[in-house]
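The file input-v1.txt comes next; it holds compact mmCIF, C-alpha atoms.
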# COMPACT_ATOMS: atom_id res chain seq x y z
CA MET A 1 0.00 0.00 0.00
CA PRO A 2 1.43 3.44 -0.81
CA GLU A 3 2.17 5.55 2.22
CA ASP A 4 0.29 8.65 3.12
CA LYS A 5 2.19 11.52 1.48
CA ASP A 6 0.53 14.32 3.43
CA TRP A 7 2.65 14.60 6.58
CA GLU A 8 0.92 17.83 7.57
CA ALA A 9 -2.23 15.91 8.39
CA TYR A 10 -0.45 14.07 11.16
CA LYS A 11 0.42 17.29 13.00
CA VAL A 12 3.31 15.83 14.92
CA PRO A 13 4.38 18.49 17.42
CA PRO A 14 8.06 19.53 17.29
CA THR A 15 10.30 17.71 19.76
CA ARG A 16 11.29 19.78 22.74
CA THR A 17 14.50 18.11 23.81
CA PRO A 18 16.04 20.33 26.50
CA VAL A 19 19.62 21.53 26.13
CA SER A 20 21.37 20.34 29.27
CA GLU A 21 24.54 21.75 30.79
CA ARG A 22 27.50 19.55 31.61
CA ILE A 23 27.70 18.72 35.27
CA THR A 24 30.47 16.12 35.19
CA SER A 25 33.96 16.32 33.77
CA VAL A 26 33.72 12.79 32.36
CA PRO A 27 33.45 13.11 28.58
CA ASN A 28 30.28 11.79 27.01
CA PRO A 29 31.02 8.32 25.56
CA ILE A 30 28.35 8.92 22.94
CA ASP A 31 30.59 11.51 21.30
CA PHE A 32 33.44 9.03 21.05
CA ILE A 33 31.23 6.31 19.66
CA LYS A 34 29.76 8.77 17.20
CA THR A 35 33.17 9.84 15.87
CA VAL A 36 34.29 6.23 15.58
CA PHE A 37 31.13 5.36 13.69
CA ASP A 38 31.57 8.36 11.41
CA TYR A 39 35.09 7.43 10.46
CA VAL A 40 34.70 3.67 10.24
CA VAL A 41 31.23 3.23 8.73
CA ASP A 42 29.74 6.50 7.60
CA ALA A 43 32.62 7.98 5.58
CA PRO A 44 33.36 4.94 3.35
CA VAL A 45 29.68 4.27 2.72
CA THR A 46 29.01 7.89 1.84
CA PHE A 47 32.04 7.95 -0.41
CA VAL A 48 30.93 4.84 -2.31
CA ARG A 49 27.37 6.06 -2.57
CA GLU A 50 28.43 9.45 -3.92
CA TRP A 51 30.75 7.81 -6.41
CA ILE A 52 27.84 5.66 -7.62
CA GLU A 53 25.60 8.72 -7.88
CA ARG A 54 28.24 10.54 -9.90
CA GLN A 55 28.31 7.62 -12.34
CA GLN A 56 24.53 7.62 -12.56
CA ALA A 57 24.23 11.36 -13.01
CA LYS A 58 25.94 11.19 -16.42
CA ASN A 59 22.77 9.94 -18.12
CA LYS A 60 19.64 10.76 -16.21
CA PHE A 61 16.24 9.55 -17.26
CA TYR A 62 12.82 9.81 -15.69
CA TYR A 63 9.73 7.82 -15.17
CA TYR A 64 6.20 9.06 -14.77
CA HIS A 65 2.98 7.97 -13.15
CA GLN A 66 0.44 7.08 -15.78
CA LYS A 67 -2.83 8.99 -15.78
CA PHE A 68 -5.71 6.95 -17.12
CA ARG A 69 -8.60 8.50 -18.99
CA ARG A 70 -12.12 8.14 -17.68
CA VAL A 71 -14.31 5.89 -19.82
CA PRO A 72 -18.13 5.96 -20.07
CA ASP A 73 -19.85 4.68 -16.99
CA LEU A 74 -22.14 1.67 -16.86
CA SER A 75 -25.15 3.95 -16.95
CA GLU A 76 -23.95 5.42 -20.26
CA CYS A 77 -23.46 2.08 -22.02
CA LEU A 78 -25.91 0.82 -24.61
CA GLU A 79 -27.52 -2.50 -23.94
CA GLY A 80 -25.61 -5.42 -25.40
CA ASP A 81 -22.42 -3.39 -25.82
CA TYR A 82 -20.15 -5.84 -24.02
CA LEU A 83 -16.98 -3.87 -24.66
CA CYS A 84 -18.49 -0.85 -22.93
CA TYR A 85 -19.61 -3.09 -20.07
CA PHE A 86 -16.08 -4.45 -19.71
CA GLU A 87 -14.45 -1.02 -19.60
CA ALA A 88 -17.04 0.35 -17.18
CA GLU A 89 -16.61 -2.69 -14.94
CA ALA A 90 -12.81 -2.25 -14.90
CA GLN A 91 -13.20 1.42 -14.08
CA TRP A 92 -15.67 0.66 -11.29
CA ARG A 93 -13.25 -1.85 -9.75
CA ARG A 94 -10.39 0.66 -9.88
CA ASP A 95 -12.61 3.27 -8.25
CA ARG A 96 -13.59 0.84 -5.53
CA MET A 97 -9.94 0.09 -4.80
CA VAL A 98 -9.23 3.83 -4.61
CA ASP A 99 -12.14 4.28 -2.20
CA GLN A 100 -10.85 1.45 -0.03
CA GLU A 101 -7.46 3.12 0.15
CA ILE A 102 -9.09 6.45 1.06
CA VAL A 103 -10.94 4.82 3.96
CA GLU A 104 -7.72 3.13 5.05
CA ILE A 105 -5.80 6.45 5.04
CA VAL A 106 -8.48 8.21 7.08
CA ARG A 107 -8.44 5.33 9.57
CA GLU A 108 -4.66 5.56 9.87
CA ARG A 109 -4.85 9.28 10.52
CA LEU A 110 -7.34 8.70 13.31
CA GLY A 111 -5.10 6.04 14.78
CA ALA A 112 -2.09 8.35 14.65
CA CYS A 113 -4.12 11.11 16.28
CA LYS A 114 -5.18 8.81 19.12
CA GLN A 115 -1.61 7.65 19.62
CA ARG A 116 -0.36 11.23 19.64
CA GLU A 117 -2.96 12.67 22.00
CA GLY A 118 -3.11 9.81 24.44
CA PRO A 119 -5.66 10.66 27.17
CA ASN A 120 -6.93 13.76 25.37
CA GLN A 121 -8.04 11.83 22.34
CA PHE A 122 -11.78 12.22 22.76
CA GLN A 123 -11.56 16.00 22.68
CA ASN A 124 -8.71 16.63 20.31
CA CYS A 125 -9.42 14.00 17.68
CA ALA A 126 -13.09 14.87 17.22
CA LYS A 127 -12.55 16.13 13.66
CA GLU A 128 -10.78 12.95 12.57
CA MET A 129 -13.47 10.84 14.20
CA GLU A 130 -16.17 12.79 12.41
CA LEU A 131 -14.34 12.45 9.11
CA LEU A 132 -13.93 8.71 9.56
CA ALA A 133 -17.59 8.30 10.46
CA GLN A 134 -18.66 10.19 7.34
CA VAL A 135 -16.25 8.35 5.05
CA THR A 136 -17.21 4.91 6.31
CA LYS A 137 -20.91 5.75 6.07
CA ALA A 138 -20.45 6.87 2.49
CA TYR A 139 -18.45 3.75 1.64
CA GLN A 140 -21.07 1.54 3.26
CA ASP A 141 -23.85 3.29 1.34
CA LYS A 142 -22.12 2.86 -1.96
CA TYR A 143 -20.33 -0.51 -1.79
CA GLY A 144 -21.74 -1.87 1.44
CA ASP A 145 -23.77 -5.05 1.13
CA LEU A 146 -22.89 -5.97 -2.42
CA GLY A 147 -20.92 -9.00 -1.22
CA VAL A 148 -17.87 -10.60 -2.77
CA HIS A 149 -19.52 -10.94 -6.20
CA GLY A 150 -20.48 -7.30 -6.32
CA ASN A 151 -19.90 -5.68 -9.68
CA ALA A 152 -20.74 -2.42 -11.37
CA ARG A 153 -24.24 -3.61 -12.25
CA THR A 154 -25.24 -4.54 -8.70
CA CYS A 155 -23.77 -1.26 -7.45
CA LEU A 156 -25.83 0.64 -10.01
CA MET A 157 -28.95 -1.22 -8.93
CA LYS A 158 -28.20 -0.37 -5.31
CA GLN A 159 -27.84 3.27 -6.27
CA LYS A 160 -31.16 3.10 -8.11
CA HIS A 161 -32.89 1.72 -5.02
CA ARG A 162 -31.32 4.38 -2.86
CA MET A 163 -32.62 7.09 -5.18
CA MET A 164 -36.08 5.53 -5.21
CA GLU A 165 -36.20 5.44 -1.44
CA GLU A 166 -35.00 9.00 -1.24
CA ARG A 167 -37.72 10.07 -3.61
CA LYS A 168 -40.35 8.15 -1.62
CA LYS A 169 -39.13 9.76 1.58
CA GLN A 170 -39.28 13.21 -0.01
CA ALA A 171 -42.74 12.53 -1.31
CA SER A 172 -43.97 11.33 2.07
CA ALA A 173 -42.22 14.21 3.84
CA SER A 174 -43.78 16.83 1.59
CA GLN A 175 -47.28 15.47 2.13
CA MET B 176 33.52 -58.67 11.51
CA ALA B 177 31.73 -57.98 14.75
CA VAL B 178 32.08 -61.66 15.54
CA MET B 179 35.81 -61.38 14.78
CA SER B 180 36.27 -58.41 17.13
CA LEU B 181 34.25 -60.19 19.84
CA LEU B 182 36.51 -63.19 19.39
CA LEU B 183 39.62 -61.04 19.61
CA ARG B 184 38.28 -59.25 22.67
CA ALA B 185 37.46 -62.59 24.33
CA ALA B 186 40.95 -63.83 23.47
CA ALA B 187 42.52 -60.69 24.96
CA ALA B 188 40.48 -61.10 28.16
CA TRP B 189 41.52 -64.78 28.44
CA GLY B 190 45.14 -63.79 27.82
CA ALA B 191 44.94 -61.07 30.49
CA ARG B 192 43.44 -63.56 32.97
CA ARG B 193 46.21 -66.01 32.18
CA ALA B 194 48.85 -63.30 32.67
CA ALA B 195 47.32 -62.25 35.98
CA SER B 196 47.23 -65.80 37.27
CA GLY B 197 50.76 -66.40 36.00
CA ALA B 198 52.10 -63.23 37.74
CA ALA B 199 50.34 -64.23 40.93
CA GLY B 200 51.78 -67.77 40.46
CA GLY B 201 55.42 -66.64 40.23
CA SER B 202 57.95 -67.32 37.48
CA ARG B 203 57.21 -65.72 34.15
CA LEU B 204 59.28 -65.59 31.03
CA PRO B 205 60.72 -62.10 30.52
CA TRP B 206 59.28 -61.41 27.10
CA LEU B 207 55.81 -61.90 28.43
CA ALA B 208 56.44 -59.17 31.00
CA GLY B 209 53.58 -57.07 29.70
CA ALA B 210 50.09 -58.52 29.23
CA ALA B 211 49.79 -61.85 27.41
CA ARG B 212 49.01 -61.32 23.81
CA LEU B 213 47.40 -63.04 20.88
CA PRO B 214 48.44 -61.88 17.43
CA GLY B 215 46.49 -58.67 16.63
CA ALA B 216 44.88 -58.42 20.10
CA LEU B 217 47.15 -55.95 21.84
CA ALA B 218 50.00 -54.28 20.05
CA PRO B 219 52.04 -51.19 20.98
CA VAL B 220 51.30 -48.38 18.52
CA ARG B 221 53.34 -45.25 18.13
CA HIS B 222 50.85 -42.36 18.17
CA SER B 223 51.84 -39.24 16.22
CA SER B 224 51.84 -36.04 18.26
CA SER B 225 48.87 -34.18 16.79
CA HIS B 226 46.50 -36.71 15.29
CA GLY B 227 46.15 -39.50 17.80
CA LYS B 228 45.68 -43.07 16.71
CA ARG B 229 44.94 -43.47 13.04
CA MET B 230 41.53 -45.00 12.62
CA PHE B 231 39.89 -46.38 9.52
CA ILE B 232 36.38 -45.00 9.95
CA ILE B 233 33.78 -47.03 8.14
CA LYS B 234 30.83 -44.96 6.88
CA ALA B 235 28.46 -44.89 3.87
CA THR B 236 29.67 -43.33 0.65
CA SER B 237 29.24 -39.61 0.12
CA PHE B 238 30.64 -39.71 -3.41
CA TYR B 239 27.34 -39.39 -5.22
CA ASP B 240 26.00 -36.68 -2.92
CA ALA B 241 29.17 -34.64 -3.15
CA ARG B 242 29.21 -35.02 -6.94
CA PHE B 243 25.59 -33.91 -7.23
CA LEU B 244 26.06 -30.84 -5.07
CA SER B 245 29.23 -29.91 -6.87
CA LEU B 246 27.55 -30.20 -10.28
CA LEU B 247 24.53 -28.25 -9.02
CA LYS B 248 26.72 -25.43 -7.79
CA PHE B 249 28.64 -25.40 -11.05
CA TYR B 250 25.63 -25.22 -13.33
CA ILE B 251 23.84 -22.63 -11.23
CA LEU B 252 26.87 -20.39 -11.05
CA LEU B 253 27.67 -20.87 -14.74
CA THR B 254 24.89 -18.45 -15.72
CA GLY B 255 24.25 -17.05 -12.27
CA ILE B 256 27.53 -15.20 -11.97
CA PRO B 257 27.36 -13.43 -15.37
CA VAL B 258 23.74 -12.45 -14.72
CA ALA B 259 24.60 -11.13 -11.26
CA LEU B 260 27.54 -9.14 -12.66
CA PHE B 261 25.38 -7.71 -15.42
CA ILE B 262 22.65 -6.66 -13.02
CA THR B 263 25.24 -5.11 -10.68
CA TYR B 264 26.73 -3.18 -13.60
CA VAL B 265 23.30 -1.90 -14.63
CA ASN B 266 22.37 -0.90 -11.09
CA ILE B 267 25.63 0.95 -10.45
CA PHE B 268 26.41 2.61 -13.75
CA ILE B 269 23.00 3.16 -15.30
CA GLY B 270 20.83 3.41 -12.22
CA GLU B 271 17.11 3.65 -11.76
CA ALA B 272 14.91 6.38 -13.15
CA GLU B 273 13.71 9.33 -11.13
CA LEU B 274 10.08 10.15 -10.63
CA ALA B 275 9.02 13.35 -12.37
CA GLU B 276 5.78 15.11 -13.18
CA ILE B 277 4.62 14.72 -16.76
CA PRO B 278 5.65 17.94 -18.52
CA GLU B 279 3.05 20.03 -20.29
CA GLY B 280 2.09 18.82 -23.71
CA TYR B 281 4.39 15.80 -23.52
CA ILE B 282 3.01 12.29 -23.92
CA PRO B 283 5.48 9.79 -22.46
CA ASP B 284 6.21 6.60 -24.36
CA TYR B 285 4.80 3.53 -22.78
CA TRP B 286 8.16 2.27 -21.50
CA GLU B 287 8.79 5.50 -19.64
CA TYR B 288 6.36 4.46 -16.95
CA TYR B 289 8.81 1.93 -15.48
CA LYS B 290 11.57 2.63 -12.99
CA HIS B 291 14.26 0.00 -13.42
CA PRO B 292 16.30 0.20 -16.67
CA ILE B 293 15.97 -3.53 -17.36
CA SER B 294 12.17 -3.33 -16.95
CA ARG B 295 12.17 -0.40 -19.33
CA TRP B 296 14.23 -2.33 -21.86
CA ILE B 297 11.96 -5.37 -21.63
CA ALA B 298 8.85 -3.20 -22.00
CA ARG B 299 10.36 -1.42 -24.96
CA TYR B 300 11.83 -4.25 -26.98
CA LEU B 301 10.23 -7.50 -25.87
CA LEU B 302 6.66 -6.79 -24.87
CA ASP B 303 3.82 -5.28 -26.87
CA PRO B 304 2.71 -1.73 -26.04
CA PRO B 305 -0.22 -1.70 -23.60
CA GLU B 306 -2.42 0.00 -26.18
CA LYS B 307 -1.91 -2.95 -28.54
CA ASP B 308 -2.49 -5.37 -25.67
CA TYR B 309 -5.71 -3.59 -24.82
CA GLU B 310 -6.88 -3.67 -28.41
CA LYS B 311 -6.13 -7.41 -28.58
CA GLN B 312 -8.14 -7.92 -25.40
CA MET B 313 -11.03 -5.90 -26.78
CA ALA B 314 -10.89 -7.83 -30.05
CA ILE B 315 -11.18 -11.14 -28.21
CA LEU B 316 -14.12 -9.82 -26.22
CA ASP B 317 -15.78 -8.51 -29.39
CA ILE B 318 -15.44 -11.84 -31.20
CA GLU B 319 -16.80 -13.72 -28.21
CA ALA B 320 -19.70 -11.26 -27.89
CA LYS B 321 -20.59 -11.73 -31.57
CA LYS B 322 -20.41 -15.51 -31.19
CA THR B 323 -22.71 -15.30 -28.19
CA GLU B 324 -25.17 -13.15 -30.14
CA LEU B 325 -25.24 -15.56 -33.06
CA ARG B 326 -25.72 -18.57 -30.83
CA MET B 327 -28.60 -16.87 -29.00
CA MET B 328 -30.22 -16.00 -32.33
CA GLU B 329 -29.85 -19.57 -33.58
CA LEU B 330 -31.48 -20.94 -30.45
CA GLU B 331 -34.34 -18.46 -30.81
CA ALA B 332 -34.85 -19.35 -34.49
CA ARG B 333 -34.85 -23.03 -33.68
CA ARG B 334 -37.39 -22.54 -30.93
CA LEU B 335 -39.71 -20.54 -33.16
CA MET B 336 -39.42 -22.91 -36.08
CA ARG B 337 -40.19 -25.85 -33.87
CA GLN B 338 -43.12 -24.04 -32.36
CA ARG B 339 -44.64 -22.60 -35.50
CA GLY B 340 -43.60 -25.29 -37.93
CA ASP B 341 -43.43 -22.93 -40.89
CA GLY B 342 -39.69 -22.74 -41.30
CA PRO B 343 -37.22 -24.85 -43.24
CA TRP B 344 -36.13 -26.77 -40.11
CA TYR B 345 -37.96 -29.51 -38.27
CA HIS B 346 -39.38 -31.21 -41.34
CA TYR B 347 -39.83 -34.91 -40.78
CA GLU B 348 -40.43 -37.45 -43.58
CA THR B 349 -43.89 -39.02 -43.36
CA PRO B 350 -45.04 -41.95 -45.55
CA ASP B 351 -47.05 -41.19 -48.70
CA LYS B 352 -50.79 -41.06 -48.00
CA ASN B 353 -51.54 -43.13 -51.13
CA LEU B 354 -49.76 -46.08 -49.57
CA VAL B 355 -52.01 -46.15 -46.52
CA ASP B 356 -54.55 -48.95 -46.49
CA ASN B 357 -57.86 -47.53 -45.26
CA SER B 358 -59.92 -50.70 -45.89
CA MET B 359 -60.36 -51.48 -42.18
CA LYS B 360 -61.79 -48.00 -41.56
CA SER B 361 -63.95 -47.95 -44.68
CA THR B 362 -67.06 -49.31 -42.95
CA PRO B 363 -68.33 -47.95 -39.66
CA ASP B 364 -68.82 -51.30 -37.97
CA ASN B 365 -65.20 -52.60 -38.06
Take the structure from the file and write it as structure tokens.
Amino acid sequence: MPEDKDWEAYKVPPTRTPVSERITSVPNPIDFIKTVFDYVVDAPVTFVREWIERQQAKNKFYYYHQKFRRVPDLSECLEGDYLCYFEAEAQWRRDRMVDQEIVEIVRERLGACKQREGPNQFQNCAKEMELLAQVTKAYQDKYGDLGVHGNARTCLMKQKHRMMEERKKQASASQ
Amino acid sequence: MAVMSLLLRAAAAWGARRAASGAAGGSRLPWLAGAARLPGALAPVRHSSSHGKRMFIIKATSFYDARFLSLLKFYILLTGIPVALFITYVNIFIGEAELAEIPEGYIPDYWEYYKHPISRWIARYLLDPPEKDYEKQMAILDIEAKKTELRMMELEARRLMRQRGDGPWYHYETPDKNLVDNSMKSTPDN
């Protein structure tokens, strides 16, 4: 799964390590270990890595992320046009995977918020909780009880039923 | 062989008992001053300083196993080492691609969507472009869809012709009506 690129959403507070004054005259062994590590491990590895990068910088080339076009939806396909059905089905599956990842990311953000806040989580994470509730409700409405064999057609039928019920509710509410 | 060693051991024990009884008895010949010996039972051996007594260890043959493993290693490394060197060369001197945003008005070639240079090479020279692959897929689907349509139409035609009986199918040969003998039905009282 690709990682969440938006680090700002995690709102990690800056570390407040205090600067302490020396109270002993014994030198800090960490400094010694650090210098040894720098000379023995860090310097050769950095040297080799930079040499490799100099070799690679002579001919640079790039790769891109492919952007796929949107194709006509299942509701815009003529009946019996199996090619259109196939493309719409593939697009619906890709969209469902994207929606699953969105829900997963929102869940992770809530989890990070809870971990960060600790005992204050019920007050400070209210926005993330609200967002997760909305997102999961929307996902459940759209893809919810279709089951493992759900496809674009069953999802469209579910949407149709939802719209019918909405209309019935509006009609009964306006009376 | 086990029987032989048991025999030798029994002989050595008997010899030792004889020697003990003889020493307790009194006069002994000087060259039997050590333990009494049977040929091959007890012999003084000069041990070398580092190895200890040389033993002939009897175990099952490992010739075939060793030969198999040696051949396996040889044939795996025969192509494995050149491939590993080639991949190391590619990774060090050519390196992987960097991710970049698609520039304005530029349509990348289909191999430029891969990161590793060997993947790019395979996509460019060995595999078909994904557009062609997609068209092949769509062509298969189209042919199968047309076949399905034709088969459904044939079934429908057959059903209707069987039902209505006015089509060219479902004609069955019946005997000629001039050959039928109606004499038994010619009078009403038969």
Should the cut-off be 8 Å, what would the residue list for chain A against chain B look like, counting all atoms listed in the file, as a PyMOL selection string? chain A and resi 52+55-56+59-66+82-83
Separation of CA of Asp95 (chain A) and CA of Glu108 (chain A), in Å? 19.9 Å
Figure out the distance between CA of Tyr264 (chain B) and CA of Ala57 (chain A), please, to one decimal in Å. 14.8 Å
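Atom to atom, CA of Met129 (chain A) and CA of Arg16 (chain A) stand 27.7 Å apart.
In terms of minimum interatomic distance to Glu130 (chain A), A:Val106 ranks closest within A:Val26, A:Val106, A:Val48, A:Arg153, counting only C-alpha atoms.
If all atoms listed in the file are the atoms counted, then among A:Lys127, A:Arg96, A:Arg162, A:Arg49 the closest residue to Tyr139 (chain A) is A:Arg96.
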